[in-house]
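*Asks:* Enclosed is the structure file structure35.cif (mmCIF, C-alpha atoms).
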```cif
data_protein
loop_
_atom_site.group_PDB
_atom_site.id
_atom_site.type_symbol
_atom_site.label_atom_id
_atom_site.label_comp_id
_atom_site.auth_asym_id
_atom_site.auth_seq_id
_atom_site.Cartn_x
_atom_site.Cartn_y
_atom_site.Cartn_z
ATOM 1 C CA GLY A 1 29.702 266.466 74.297
ATOM 2 C CA ILE A 2 30.903 263.761 76.643
ATOM 3 C CA SER A 3 32.999 261.005 75.050
ATOM 4 C CA ALA A 4 31.968 257.333 74.993
ATOM 5 C CA LEU A 5 35.014 256.404 77.079
ATOM 6 C CA ALA A 6 34.089 259.000 79.700
ATOM 7 C CA ILE A 7 30.585 257.503 79.894
ATOM 8 C CA ILE A 8 32.090 254.008 80.342
ATOM 9 C CA ARG A 9 34.331 255.315 83.141
ATOM 10 C CA LEU A 10 31.342 256.904 84.901
ATOM 11 C CA LEU A 11 29.313 253.693 84.593
ATOM 12 C CA ARG A 12 32.185 251.646 86.002
ATOM 13 C CA ARG A 13 32.707 253.704 89.133
ATOM 14 C CA GLY A 14 32.332 251.437 92.136
ATOM 15 C CA ARG A 15 32.504 248.301 89.973
ATOM 16 C CA LYS A 16 35.633 246.428 90.990
ATOM 17 C CA THR A 17 35.582 242.960 89.460
ATOM 18 C CA LEU A 18 35.985 242.278 85.744
ATOM 19 C CA THR A 19 34.682 238.903 84.528
ATOM 20 C CA ILE A 20 35.821 237.640 81.113
ATOM 21 C CA THR A 21 34.561 234.397 79.557
ATOM 22 C CA VAL A 22 36.372 232.923 76.546
ATOM 23 C CA PRO A 23 35.106 229.920 74.534
ATOM 24 C CA ALA A 24 37.275 226.937 73.672
ATOM 25 C CA THR A 25 37.878 226.488 69.964
ATOM 26 C CA THR A 26 38.585 223.940 67.301
ATOM 27 C CA ALA A 27 40.658 224.743 64.237
ATOM 28 C CA ASN A 28 40.895 223.457 60.646
ATOM 29 C CA LEU A 29 37.523 221.608 60.390
ATOM 30 C CA ALA A 30 39.293 219.061 58.181
ATOM 31 C CA CYS A 31 39.713 220.762 54.784
ATOM 32 C CA GLY A 32 40.200 224.297 56.174
ATOM 33 C CA PHE A 33 43.798 223.895 57.339
ATOM 34 C CA ASP A 34 44.946 227.137 59.031
ATOM 35 C CA ALA A 35 41.809 228.893 57.684
ATOM 36 C CA LEU A 36 38.641 227.710 59.489
ATOM 37 C CA GLY A 37 37.806 227.496 63.194
ATOM 38 C CA ALA A 38 34.783 227.248 65.485
ATOM 39 C CA ALA A 39 33.937 228.168 69.087
ATOM 40 C CA PHE A 40 32.386 225.823 71.663
ATOM 41 C CA GLU A 41 30.157 226.577 74.635
ATOM 42 C CA LEU A 42 32.984 225.496 76.972
ATOM 43 C CA ARG A 43 34.374 228.631 78.593
ATOM 44 C CA MET A 44 37.398 229.723 80.550
ATOM 45 C CA ILE A 45 36.243 232.233 83.199
ATOM 46 C CA VAL A 46 38.732 234.934 84.212
ATOM 47 C CA LYS A 47 37.915 237.259 87.124
ATOM 48 C CA SER A 48 40.272 240.124 87.936
ATOM 49 C CA GLU A 49 40.482 243.008 90.368
ATOM 50 C CA LEU A 50 43.052 245.609 91.300
ATOM 51 C CA ALA A 51 45.741 244.348 93.675
ATOM 52 C CA PRO A 52 46.336 246.235 96.953
ATOM 53 C CA PRO A 53 48.990 248.996 96.631
ATOM 54 C CA GLU A 54 51.635 247.026 98.552
ATOM 55 C CA GLN A 55 51.410 244.076 96.099
ATOM 56 C CA LYS A 56 54.228 244.468 93.562
ATOM 57 C CA GLU A 57 53.308 241.710 91.093
ATOM 58 C CA THR A 58 50.161 240.436 89.406
ATOM 59 C CA ARG A 59 49.140 237.046 90.785
ATOM 60 C CA PHE A 60 47.113 234.239 89.216
ATOM 61 C CA GLU A 61 45.016 231.575 90.915
ATOM 62 C CA TYR A 62 43.812 228.610 88.864
ATOM 63 C CA GLU A 63 41.125 225.963 89.193
ATOM 64 C CA GLY A 64 40.556 223.192 86.679
ATOM 65 C CA GLU A 65 42.581 222.013 83.690
ATOM 66 C CA GLY A 66 46.284 222.816 83.741
ATOM 67 C CA ALA A 67 46.162 224.293 87.259
ATOM 68 C CA ASP A 68 49.489 222.645 88.142
ATOM 69 C CA GLU A 69 51.154 223.562 84.822
ATOM 70 C CA VAL A 70 50.676 227.330 84.536
ATOM 71 C CA ALA A 71 52.773 230.217 85.820
ATOM 72 C CA ARG A 72 51.183 232.056 88.770
ATOM 73 C CA GLY A 73 53.084 235.311 88.203
ATOM 74 C CA GLU A 74 53.786 237.738 85.382
ATOM 75 C CA THR A 75 55.295 235.122 83.048
ATOM 76 C CA ASN A 76 51.736 233.774 82.694
ATOM 77 C CA LEU A 77 50.538 233.697 79.063
ATOM 78 C CA ILE A 78 47.467 235.802 79.900
ATOM 79 C CA TRP A 79 49.628 238.567 81.386
ATOM 80 C CA GLN A 80 52.187 238.426 78.572
ATOM 81 C CA SER A 81 49.318 238.764 76.071
ATOM 82 C CA ALA A 82 47.982 241.800 77.943
ATOM 83 C CA LEU A 83 51.428 243.417 77.762
ATOM 84 C CA ALA A 84 51.669 242.635 74.019
ATOM 85 C CA CYS A 85 48.323 244.359 73.486
ATOM 86 C CA ILE A 86 49.504 247.469 75.351
ATOM 87 C CA SER A 87 52.832 247.616 73.497
ATOM 88 C CA MET A 88 50.913 247.559 70.205
ATOM 89 C CA PHE A 89 48.096 250.002 70.951
ATOM 90 C CA ALA A 90 49.075 252.038 74.040
ATOM 91 C CA PRO A 91 52.860 251.884 74.546
ATOM 92 C CA GLU A 92 52.801 254.887 76.869
ATOM 93 C CA ARG A 93 50.399 253.119 79.295
ATOM 94 C CA THR A 94 51.147 250.511 81.987
ATOM 95 C CA MET A 95 48.942 247.713 83.277
ATOM 96 C CA PRO A 96 47.845 248.014 86.913
ATOM 97 C CA LYS A 97 48.819 245.103 89.168
ATOM 98 C CA LEU A 98 45.928 242.644 89.448
ATOM 99 C CA ASN A 99 44.747 239.572 91.279
ATOM 100 C CA VAL A 100 43.356 237.163 88.677
ATOM 101 C CA TYR A 101 41.196 234.093 89.396
ATOM 102 C CA ILE A 102 40.727 231.545 86.642
ATOM 103 C CA GLN A 103 38.349 228.606 86.216
ATOM 104 C CA ASN A 104 39.518 226.626 83.220
ATOM 105 C CA PRO A 105 37.639 223.629 81.767
ATOM 106 C CA VAL A 106 39.709 223.669 78.536
ATOM 107 C CA PRO A 107 42.304 220.831 78.446
ATOM 108 C CA PHE A 108 45.931 221.773 77.676
ATOM 109 C CA GLY A 109 47.759 220.524 74.588
ATOM 110 C CA ARG A 110 44.766 218.677 73.147
ATOM 111 C CA GLY A 111 43.755 220.785 70.142
ATOM 112 C CA LEU A 112 40.946 222.733 71.837
ATOM 113 C CA GLY A 113 42.562 226.157 71.684
ATOM 114 C CA SER A 114 43.757 226.374 75.303
ATOM 115 C CA SER A 115 46.510 228.835 74.370
ATOM 116 C CA ALA A 116 44.098 230.857 72.190
ATOM 117 C CA THR A 117 41.649 231.213 75.106
ATOM 118 C CA ALA A 118 44.480 232.462 77.349
ATOM 119 C CA ILE A 119 45.798 234.917 74.741
ATOM 120 C CA THR A 120 42.341 236.356 74.075
ATOM 121 C CA ALA A 121 41.715 236.657 77.814
ATOM 122 C CA GLY A 122 44.967 238.643 78.058
ATOM 123 C CA VAL A 123 44.293 241.147 75.279
ATOM 124 C CA VAL A 124 40.740 241.682 76.557
ATOM 125 C CA LEU A 125 42.099 242.125 80.106
ATOM 126 C CA ALA A 126 44.292 244.991 78.857
ATOM 127 C CA ASN A 127 41.502 246.483 76.739
ATOM 128 C CA GLU A 128 39.075 246.535 79.675
ATOM 129 C CA HIS A 129 41.351 247.624 82.536
ATOM 130 C CA LEU A 130 42.911 250.414 80.462
ATOM 131 C CA GLN A 131 39.647 251.175 78.594
ATOM 132 C CA LEU A 132 41.416 251.145 75.221
ATOM 133 C CA GLY A 133 38.183 250.781 73.244
ATOM 134 C CA LEU A 134 39.704 248.319 70.756
ATOM 135 C CA SER A 135 37.634 246.602 68.063
ATOM 136 C CA LYS A 136 37.582 242.807 67.660
ATOM 137 C CA GLU A 137 39.898 243.184 64.656
ATOM 138 C CA GLU A 138 42.384 245.164 66.751
ATOM 139 C CA LEU A 139 42.165 242.653 69.606
ATOM 140 C CA LEU A 140 42.916 239.879 67.105
ATOM 141 C CA ASP A 141 45.877 241.833 65.704
ATOM 142 C CA ALA A 142 47.250 242.102 69.248
ATOM 143 C CA ALA A 143 46.642 238.383 69.860
ATOM 144 C CA LEU A 144 48.439 237.455 66.625
ATOM 145 C CA GLN A 145 51.668 238.783 68.150
ATOM 146 C CA MET A 146 51.526 235.853 70.583
ATOM 147 C CA GLU A 147 50.348 233.106 68.220
ATOM 148 C CA ASN A 148 50.247 233.580 64.474
ATOM 149 C CA HIS A 149 47.214 231.328 63.903
ATOM 150 C CA PRO A 150 43.967 233.278 63.490
ATOM 151 C CA ASP A 151 41.992 230.053 62.888
ATOM 152 C CA ASN A 152 42.060 229.324 66.635
ATOM 153 C CA LEU A 153 41.997 232.928 67.845
ATOM 154 C CA ALA A 154 39.199 234.409 65.693
ATOM 155 C CA PRO A 155 36.393 232.164 67.067
ATOM 156 C CA THR A 156 37.307 233.126 70.660
ATOM 157 C CA LEU A 157 36.401 236.724 69.742
ATOM 158 C CA TRP A 158 33.498 236.317 67.284
ATOM 159 C CA GLY A 159 32.013 232.955 68.278
ATOM 160 C CA GLY A 160 30.311 230.701 65.729
ATOM 161 C CA VAL A 161 32.505 229.505 62.882
ATOM 162 C CA CYS A 162 35.139 231.813 61.418
ATOM 163 C CA ALA A 163 37.044 231.912 58.162
ATOM 164 C CA SER A 164 40.263 233.798 58.817
ATOM 165 C CA GLY A 165 43.673 234.656 57.497
ATOM 166 C CA VAL A 166 46.540 237.149 57.772
ATOM 167 C CA SER A 167 47.042 239.782 55.070
ATOM 168 C CA GLU A 168 50.417 240.366 53.448
ATOM 169 C CA ARG A 169 50.710 243.456 55.669
ATOM 170 C CA GLY A 170 50.290 241.232 58.744
ATOM 171 C CA ARG A 171 46.729 242.292 59.562
ATOM 172 C CA SER A 172 43.929 239.889 60.417
ATOM 173 C CA MET A 173 41.102 239.077 58.009
ATOM 174 C CA VAL A 174 37.972 237.461 59.496
ATOM 175 C CA ARG A 175 34.441 236.633 58.429
ATOM 176 C CA PRO A 176 32.294 234.810 61.005
ATOM 177 C CA PHE A 177 29.237 232.757 60.064
ATOM 178 C CA ARG A 178 26.558 230.765 61.866
ATOM 179 C CA ILE A 179 26.493 226.992 61.826
ATOM 180 C CA HIS A 180 23.213 225.111 61.244
ATOM 181 C CA ARG A 181 21.251 224.902 64.515
ATOM 182 C CA SER A 182 20.796 221.133 64.369
ATOM 183 C CA LEU A 183 24.548 220.456 64.427
ATOM 184 C CA GLN A 184 26.313 219.753 67.718
ATOM 185 C CA ALA A 185 29.817 218.577 68.520
ATOM 186 C CA VAL A 186 31.151 215.477 70.208
ATOM 187 C CA VAL A 187 34.725 216.124 71.278
ATOM 188 C CA LEU A 188 36.838 213.058 72.081
ATOM 189 C CA ILE A 189 39.834 213.926 74.264
ATOM 190 C CA PRO A 190 42.573 211.256 74.420
ATOM 191 C CA ASP A 191 44.652 210.893 77.588
ATOM 192 C CA PHE A 192 47.838 212.288 76.059
ATOM 193 C CA GLN A 193 49.104 215.647 74.862
ATOM 194 C CA LEU A 194 50.424 216.420 71.382
ATOM 195 C CA SER A 195 52.438 219.574 70.786
ATOM 196 C CA THR A 196 51.570 221.707 67.772
ATOM 197 C CA GLU A 197 55.274 221.707 66.822
ATOM 198 C CA LYS A 198 55.370 217.911 66.680
ATOM 199 C CA ALA A 199 52.096 217.777 64.734
ATOM 200 C CA ARG A 200 53.398 220.352 62.235
ATOM 201 C CA GLY A 201 56.725 218.538 61.971
ATOM 202 C CA VAL A 202 55.165 215.549 60.169
ATOM 203 C CA LEU A 203 53.661 217.688 57.386
ATOM 204 C CA PRO A 204 55.424 217.705 53.997
ATOM 205 C CA LYS A 205 57.007 220.844 52.542
ATOM 206 C CA GLU A 206 55.261 220.328 49.165
ATOM 207 C CA TYR A 207 51.958 218.784 48.057
ATOM 208 C CA PRO A 208 50.732 217.295 44.760
ATOM 209 C CA ARG A 209 48.516 219.741 42.870
ATOM 210 C CA ALA A 210 45.605 217.275 42.925
ATOM 211 C CA ASP A 211 45.625 217.252 46.749
ATOM 212 C CA VAL A 212 45.687 221.054 46.933
ATOM 213 C CA VAL A 213 42.778 221.319 44.471
ATOM 214 C CA PHE A 214 40.870 218.636 46.435
ATOM 215 C CA ASN A 215 41.078 220.803 49.595
ATOM 216 C CA LEU A 216 40.428 224.104 47.812
ATOM 217 C CA GLN A 217 37.166 222.793 46.366
ATOM 218 C CA ARG A 218 35.979 221.597 49.771
ATOM 219 C CA VAL A 219 37.054 224.651 51.779
ATOM 220 C CA ALA A 220 35.179 226.877 49.293
ATOM 221 C CA LEU A 221 31.981 224.854 49.766
ATOM 222 C CA LEU A 222 32.119 223.996 53.482
ATOM 223 C CA PRO A 223 31.170 227.437 54.936
ATOM 224 C CA LEU A 224 28.186 227.571 52.554
ATOM 225 C CA ALA A 225 27.166 224.015 53.463
ATOM 226 C CA LEU A 226 27.447 224.584 57.236
ATOM 227 C CA SER A 227 25.492 227.850 57.208
ATOM 228 C CA SER A 228 22.804 226.845 54.698
ATOM 229 C CA ARG A 229 19.158 226.734 55.884
ATOM 230 C CA GLU A 230 18.782 223.287 54.383
ATOM 231 C CA LEU A 231 21.093 220.824 56.149
ATOM 232 C CA ASN A 232 22.770 218.765 53.427
ATOM 233 C CA VAL A 233 24.543 216.022 55.363
ATOM 234 C CA GLU A 234 26.084 214.418 52.276
ATOM 235 C CA LEU A 235 27.612 217.728 51.174
ATOM 236 C CA ILE A 236 29.062 218.512 54.615
ATOM 237 C CA ARG A 237 30.425 214.989 54.942
ATOM 238 C CA GLU A 238 32.160 215.227 51.569
ATOM 239 C CA CYS A 239 33.473 218.734 52.285
ATOM 240 C CA MET A 240 34.960 217.637 55.609
ATOM 241 C CA LYS A 241 37.493 215.458 53.872
ATOM 242 C CA ASP A 242 41.121 216.468 53.696
ATOM 243 C CA ARG A 243 44.417 215.551 52.057
ATOM 244 C CA ILE A 244 46.669 218.233 53.563
ATOM 245 C CA HIS A 245 47.183 217.344 57.233
ATOM 246 C CA GLN A 246 44.953 214.663 58.791
ATOM 247 C CA ASN A 247 46.316 211.526 57.098
ATOM 248 C CA GLN A 248 49.851 212.795 57.666
ATOM 249 C CA ARG A 249 49.144 213.170 61.401
ATOM 250 C CA ALA A 250 47.337 209.840 61.784
ATOM 251 C CA PRO A 251 50.479 208.002 63.048
ATOM 252 C CA LEU A 252 50.598 210.455 65.995
ATOM 253 C CA VAL A 253 46.967 209.772 67.026
ATOM 254 C CA PRO A 254 46.111 206.075 67.389
ATOM 255 C CA GLY A 255 42.607 205.378 66.049
ATOM 256 C CA LEU A 256 42.372 208.607 64.030
ATOM 257 C CA LYS A 257 42.214 206.794 60.678
ATOM 258 C CA GLN A 258 39.298 204.642 61.860
ATOM 259 C CA ALA A 259 37.540 207.668 63.418
ATOM 260 C CA LEU A 260 37.805 209.613 60.148
ATOM 261 C CA ASP A 261 36.303 206.663 58.254
ATOM 262 C CA LEU A 262 33.387 206.175 60.677
ATOM 263 C CA PRO A 263 30.910 208.618 58.984
ATOM 264 C CA ASN A 264 31.391 206.845 55.637
ATOM 265 C CA GLN A 265 30.305 203.477 57.100
ATOM 266 C CA GLY A 266 26.708 204.597 57.722
ATOM 267 C CA ARG A 267 26.519 202.825 61.111
ATOM 268 C CA ILE A 268 25.214 205.992 62.823
ATOM 269 C CA PRO A 269 23.286 208.131 60.291
ATOM 270 C CA GLU A 270 23.224 211.071 62.749
ATOM 271 C CA LEU A 271 27.047 211.256 62.586
ATOM 272 C CA VAL A 272 27.714 213.896 59.905
ATOM 273 C CA ALA A 273 31.516 214.112 59.859
ATOM 274 C CA THR A 274 34.670 213.642 61.917
ATOM 275 C CA ALA A 275 37.913 215.609 61.949
ATOM 276 C CA LEU A 276 41.087 216.140 63.906
ATOM 277 C CA SER A 277 40.578 219.126 66.226
ATOM 278 C CA GLY A 278 43.376 221.618 65.634
ATOM 279 C CA ALA A 279 46.718 219.827 65.657
ATOM 280 C CA GLY A 280 45.178 217.041 67.761
ATOM 281 C CA PRO A 281 45.045 214.661 69.461
ATOM 282 C CA THR A 282 41.370 215.558 70.137
ATOM 283 C CA ILE A 283 38.917 214.206 67.576
ATOM 284 C CA LEU A 284 35.870 216.265 66.635
ATOM 285 C CA ALA A 285 32.538 214.875 65.428
ATOM 286 C CA PHE A 286 29.673 216.892 63.933
ATOM 287 C CA ALA A 287 26.323 215.235 64.581
ATOM 288 C CA THR A 288 22.567 215.820 64.603
ATOM 289 C CA GLY A 289 21.781 213.276 67.346
ATOM 290 C CA LYS A 290 22.841 210.050 69.133
ATOM 291 C CA LEU A 291 25.665 212.111 70.641
ATOM 292 C CA GLU A 292 26.453 209.714 73.508
ATOM 293 C CA GLU A 293 26.440 206.720 71.174
ATOM 294 C CA ILE A 294 28.900 208.540 68.900
ATOM 295 C CA GLY A 295 31.107 209.430 71.882
ATOM 296 C CA ASP A 296 31.094 205.833 73.153
ATOM 297 C CA THR A 297 31.856 204.488 69.655
ATOM 298 C CA LEU A 298 34.831 206.826 69.250
ATOM 299 C CA ARG A 299 36.099 205.903 72.731
ATOM 300 C CA GLY A 300 35.893 202.247 71.726
ATOM 301 C CA ILE A 301 37.936 202.876 68.571
ATOM 302 C CA LEU A 302 40.740 204.469 70.625
ATOM 303 C CA ARG A 303 40.538 201.840 73.357
ATOM 304 C CA GLU A 304 41.162 199.136 70.747
ATOM 305 C CA LYS A 305 44.419 201.000 70.018
ATOM 306 C CA GLY A 306 45.329 201.050 73.718
ATOM 307 C CA VAL A 307 44.415 204.711 74.328
ATOM 308 C CA GLU A 308 41.948 205.820 77.003
ATOM 309 C CA SER A 309 39.860 208.931 76.338
ATOM 310 C CA ARG A 310 36.838 210.906 77.489
ATOM 311 C CA TYR A 311 34.283 212.819 75.482
ATOM 312 C CA LEU A 312 32.282 216.030 75.838
ATOM 313 C CA VAL A 313 29.015 216.881 74.086
ATOM 314 C CA LEU A 314 29.187 220.583 73.223
ATOM 315 C CA ARG A 315 27.041 223.192 71.547
ATOM 316 C CA PHE A 316 28.694 225.653 69.199
ATOM 317 C CA ALA A 317 29.050 229.071 70.836
ATOM 318 C CA ARG A 318 26.816 231.743 69.320
ATOM 319 C CA GLU A 319 28.994 234.508 70.749
ATOM 320 C CA GLY A 320 32.678 234.874 71.462
ATOM 321 C CA VAL A 321 34.427 236.481 74.429
ATOM 322 C CA THR A 322 32.156 238.222 76.947
ATOM 323 C CA THR A 323 33.000 240.906 79.535
ATOM 324 C CA SER A 324 31.126 242.268 82.545
ATOM 325 C CA TRP A 325 31.998 244.494 85.520
ATOM 326 C CA SER A 326 30.493 244.032 88.984
#
```
Translate the structure of the given file into structure tokens.

*Replies:*
Amino acid sequence: GISALAIIRLLRRGRKTLTITVPATTANLACGFDALGAAFELRMIVKSELAPPEQKETRFEYEGEGADEVARGETNLIWQSALACISMFAPERTMPKLNVYIQNPVPFGRGLGSSATAITAGVVLANEHLQLGLSKEELLDAALQMENHPDNLAPTLWGGVCASGVSERGRSMVRPFRIHRSLQAVVLIPDFQLSTEKARGVLPKEYPRADVVFNLQRVALLPLALSSRELNVELIRECMKDRIHQNQRAPLVPGLKQALDLPNQGRIPELVATALSGAGPTILAFATGKLEEIGDTLRGILREKGVESRYLVLRFAREGVTTSWS
């Protein structure tokens, strides 16, 4: 019989442009440090086509966030990720030279997974153009060569919310789950960048046992609370508390302490919980309504600290990376 790959090749004949969309992500969700992440319906769009034969290098064109910061040639993170995927799963193959056009609404260095979206776009680019037929798990294993944090990478592939980790053999472990339909996100983006290295640098080497147990209890309950049919706001609010990284990073993000305390004040009952998004400085709010009021309130908290910001109201992505040929 004819193989599945042969069928794909036949179907693709005459189709020249590959379109990849990758959702932005948030990592940690408070208690789930380096373990939980979620995808937003805010997508980087990557279109690619074969370069003409005389073109010797892949070229990138950017619109949107970070357009003046990214490499336009083969040092680009997307291309390097594609090459990492090939070296892992098809070392005897070579990537064709491409022209790549990118529309990127995901801010750089803000804790919204901008590097994870680029890395996933790269491994999927290789998988599609070389028709490698890789599974999501294999794509994640390739991506982990570029950034060893599956909490940001897994949601770009699966969508929804993901619990993830790396096995002792270096392989990815992921279980995605759906978040309650009534929950949406308000994402407050301050006007400054914060490097992951700097944000990790303020974390202690050791923690008191009571703090570790505090987080373990909440990270065990949070996925069940978020995916339950009955929305238990009190349970989610309590589970999205943390003693491992947010308080330690508060000095790097003016207003974070006040933003984390806001759900406990009861001023806006629709505000379920707040958290630092990834390593920051973006602040994430889970809410069931009054989304603009929550965004304006959070902006006001940061403005009092002398920091300007903007906010986005986002739905959680039901699916991860998408691909289509045209």

*Asks:* Name every residue that the PyMOL selection byres ((chain A and resi 286) around 7) selects in this structure, writing the answer as an MDAnalysis selection string with chains first and numbers rising.

*Replies:* chainID A and resid 183:186 271:274 284:285 287

*Asks:* Might you pull out every residue within 6 Å of stretch 28-39 of chain A, with only C-alpha atoms counted and same-chain residues fewer than 5 positions away left off, and present them as JSON, numbers by chain?

*Replies:* {"A": [23, 151, 152, 155, 159, 160, 161, 162, 163, 164, 215, 219, 240, 241, 242, 275, 278, 316, 317]}

*Asks:* Where's the centre, and what are the edge lengths in Å to one decimal, of a box along x, y and z enclosing all listed atoms of stretch 142-156 of chain A padded 5 Å per side, as AutoDock Vina command-line options?

*Replies:*
```
--center_x 44.0 --center_y 235.7 --center_z 66.8 --size_x 25.3 --size_y 22.8 --size_z 17.8
```

*Asks:* Do you have the atom CA of A:Val106-atom CA of A:Gln55 distance handy?

*Replies:* 29.4 Å

*Asks:* For the file shown, what are the residues hit by the PyMOL selection byres ((chain A and resi 74-77) around 10), laid out as JSON, numbers by chain?

*Replies:* {"A": [57, 58, 59, 60, 70, 71, 72, 73, 78, 79, 80, 81, 82, 83, 97, 115, 116, 118, 119, 120, 121, 122, 146]}

*Asks:* Fewer than 2 positions away in the same chain doesn't count, so skip those; otherwise give me all residues within 9 Å of stretch 123-137 of chain A, counting only C-alpha atoms, as a CSV table (one decimal) with C-alpha atoms, keeping the file's coordinate frame.

*Replies:*
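Done, and the output landed in selection.csv:
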```
chain,number,residue,atom,x,y,z
A,5,LEU,CA,35.0,256.4,77.1
A,8,ILE,CA,32.1,254.0,80.3
A,9,ARG,CA,34.3,255.3,83.1
A,18,LEU,CA,36.0,242.3,85.7
A,20,ILE,CA,35.8,237.6,81.1
A,46,VAL,CA,38.7,234.9,84.2
A,48,SER,CA,40.3,240.1,87.9
A,78,ILE,CA,47.5,235.8,79.9
A,79,TRP,CA,49.6,238.6,81.4
A,80,GLN,CA,52.2,238.4,78.6
A,81,SER,CA,49.3,238.8,76.1
A,82,ALA,CA,48.0,241.8,77.9
A,83,LEU,CA,51.4,243.4,77.8
A,84,ALA,CA,51.7,242.6,74.0
A,85,CYS,CA,48.3,244.4,73.5
A,86,ILE,CA,49.5,247.5,75.4
A,89,PHE,CA,48.1,250.0,71.0
A,90,ALA,CA,49.1,252.0,74.0
A,93,ARG,CA,50.4,253.1,79.3
A,94,THR,CA,51.1,250.5,82.0
A,95,MET,CA,48.9,247.7,83.3
A,96,PRO,CA,47.8,248.0,86.9
A,118,ALA,CA,44.5,232.5,77.3
A,119,ILE,CA,45.8,234.9,74.7
A,120,THR,CA,42.3,236.4,74.1
A,121,ALA,CA,41.7,236.7,77.8
A,139,LEU,CA,42.2,242.7,69.6
A,140,LEU,CA,42.9,239.9,67.1
A,141,ASP,CA,45.9,241.8,65.7
A,142,ALA,CA,47.2,242.1,69.2
A,143,ALA,CA,46.6,238.4,69.9
A,154,ALA,CA,39.2,234.4,65.7
A,157,LEU,CA,36.4,236.7,69.7
A,158,TRP,CA,33.5,236.3,67.3
A,171,ARG,CA,46.7,242.3,59.6
A,172,SER,CA,43.9,239.9,60.4
A,173,MET,CA,41.1,239.1,58.0
A,174,VAL,CA,38.0,237.5,59.5
A,321,VAL,CA,34.4,236.5,74.4
A,323,THR,CA,33.0,240.9,79.5
```

*Asks:* What is the atom CA of A:Leu291 to atom CA of A:Gln217 distance in Å?

*Replies:* 28.9 Å

*Asks:* Given the choices A:Ile283, A:Val22, A:Ile179, A:Val253, which gets closest to A:Leu222 if the distance is worked out from all atoms listed in the file?

*Replies:*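 Checking each candidate against A:Leu222, we get A:Ile179 as the closest.
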
*Asks:* Please, what distance in Å, to one decimal, runs between atom CA of A:Ser87 and atom CA of A:Glu147?

*Replies:*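 Calculated distance between atom CA of A:Ser87 and atom CA of A:Glu147 is 15.6 Å.
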
*Asks:* Would you mind exporting stretch 96-109 of chain A with N, CA and C atoms, as a PDB file, in the first residue's frame?

*Replies:*
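The resulting file, out11.pdb, is shown below:
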```
ATOM      1  N   PRO A  96      15.817  23.079   3.121  1.00  0.00           N
ATOM      2  CA  PRO A  96      15.885  23.932   1.927  1.00  0.00           C
ATOM      3  C   PRO A  96      15.956  25.400   2.350  1.00  0.00           C
ATOM      4  N   LYS A  97      16.522  26.242   1.502  1.00  0.00           N
ATOM      5  CA  LYS A  97      16.538  27.682   1.780  1.00  0.00           C
ATOM      6  C   LYS A  97      15.117  28.234   1.596  1.00  0.00           C
ATOM      7  N   LEU A  98      14.717  29.100   2.526  1.00  0.00           N
ATOM      8  CA  LEU A  98      13.339  29.595   2.545  1.00  0.00           C
ATOM      9  C   LEU A  98      13.300  31.117   2.604  1.00  0.00           C
ATOM     10  N   ASN A  99      12.176  31.671   2.215  1.00  0.00           N
ATOM     11  CA  ASN A  99      11.818  33.041   2.574  1.00  0.00           C
ATOM     12  C   ASN A  99      10.692  32.940   3.593  1.00  0.00           C
ATOM     13  N   VAL A 100      10.895  33.581   4.747  1.00  0.00           N
ATOM     14  CA  VAL A 100       9.964  33.438   5.877  1.00  0.00           C
ATOM     15  C   VAL A 100       9.416  34.823   6.254  1.00  0.00           C
ATOM     16  N   TYR A 101       8.089  34.907   6.368  1.00  0.00           N
ATOM     17  CA  TYR A 101       7.420  36.168   6.704  1.00  0.00           C
ATOM     18  C   TYR A 101       6.689  35.979   8.037  1.00  0.00           C
ATOM     19  N   ILE A 102       6.974  36.868   8.965  1.00  0.00           N
ATOM     20  CA  ILE A 102       6.449  36.678  10.323  1.00  0.00           C
ATOM     21  C   ILE A 102       5.643  37.885  10.777  1.00  0.00           C
ATOM     22  N   GLN A 103       4.441  37.621  11.288  1.00  0.00           N
ATOM     23  CA  GLN A 103       3.652  38.639  11.997  1.00  0.00           C
ATOM     24  C   GLN A 103       3.642  38.222  13.460  1.00  0.00           C
ATOM     25  N   ASN A 104       4.209  39.083  14.303  1.00  0.00           N
ATOM     26  CA  ASN A 104       4.369  38.697  15.705  1.00  0.00           C
ATOM     27  C   ASN A 104       3.721  39.697  16.657  1.00  0.00           C
ATOM     28  N   PRO A 105       2.614  39.305  17.320  1.00  0.00           N
ATOM     29  CA  PRO A 105       2.005  40.176  18.321  1.00  0.00           C
ATOM     30  C   PRO A 105       2.506  39.902  19.745  1.00  0.00           C
ATOM     31  N   VAL A 106       3.457  38.958  19.888  1.00  0.00           N
ATOM     32  CA  VAL A 106       3.895  38.523  21.224  1.00  0.00           C
ATOM     33  C   VAL A 106       5.091  39.368  21.669  1.00  0.00           C
ATOM     34  N   PRO A 107       4.939  40.179  22.740  1.00  0.00           N
ATOM     35  CA  PRO A 107       6.043  41.048  23.174  1.00  0.00           C
ATOM     36  C   PRO A 107       7.275  40.245  23.608  1.00  0.00           C
ATOM     37  N   PHE A 108       8.461  40.812  23.362  1.00  0.00           N
ATOM     38  CA  PHE A 108       9.725  40.176  23.738  1.00  0.00           C
ATOM     39  C   PHE A 108      10.050  40.443  25.210  1.00  0.00           C
ATOM     40  N   GLY A 109      10.636  39.449  25.858  1.00  0.00           N
ATOM     41  CA  GLY A 109      11.195  39.643  27.201  1.00  0.00           C
ATOM     42  C   GLY A 109      10.197  40.071  28.249  1.00  0.00           C
TER      43      GLY A 109
END
```
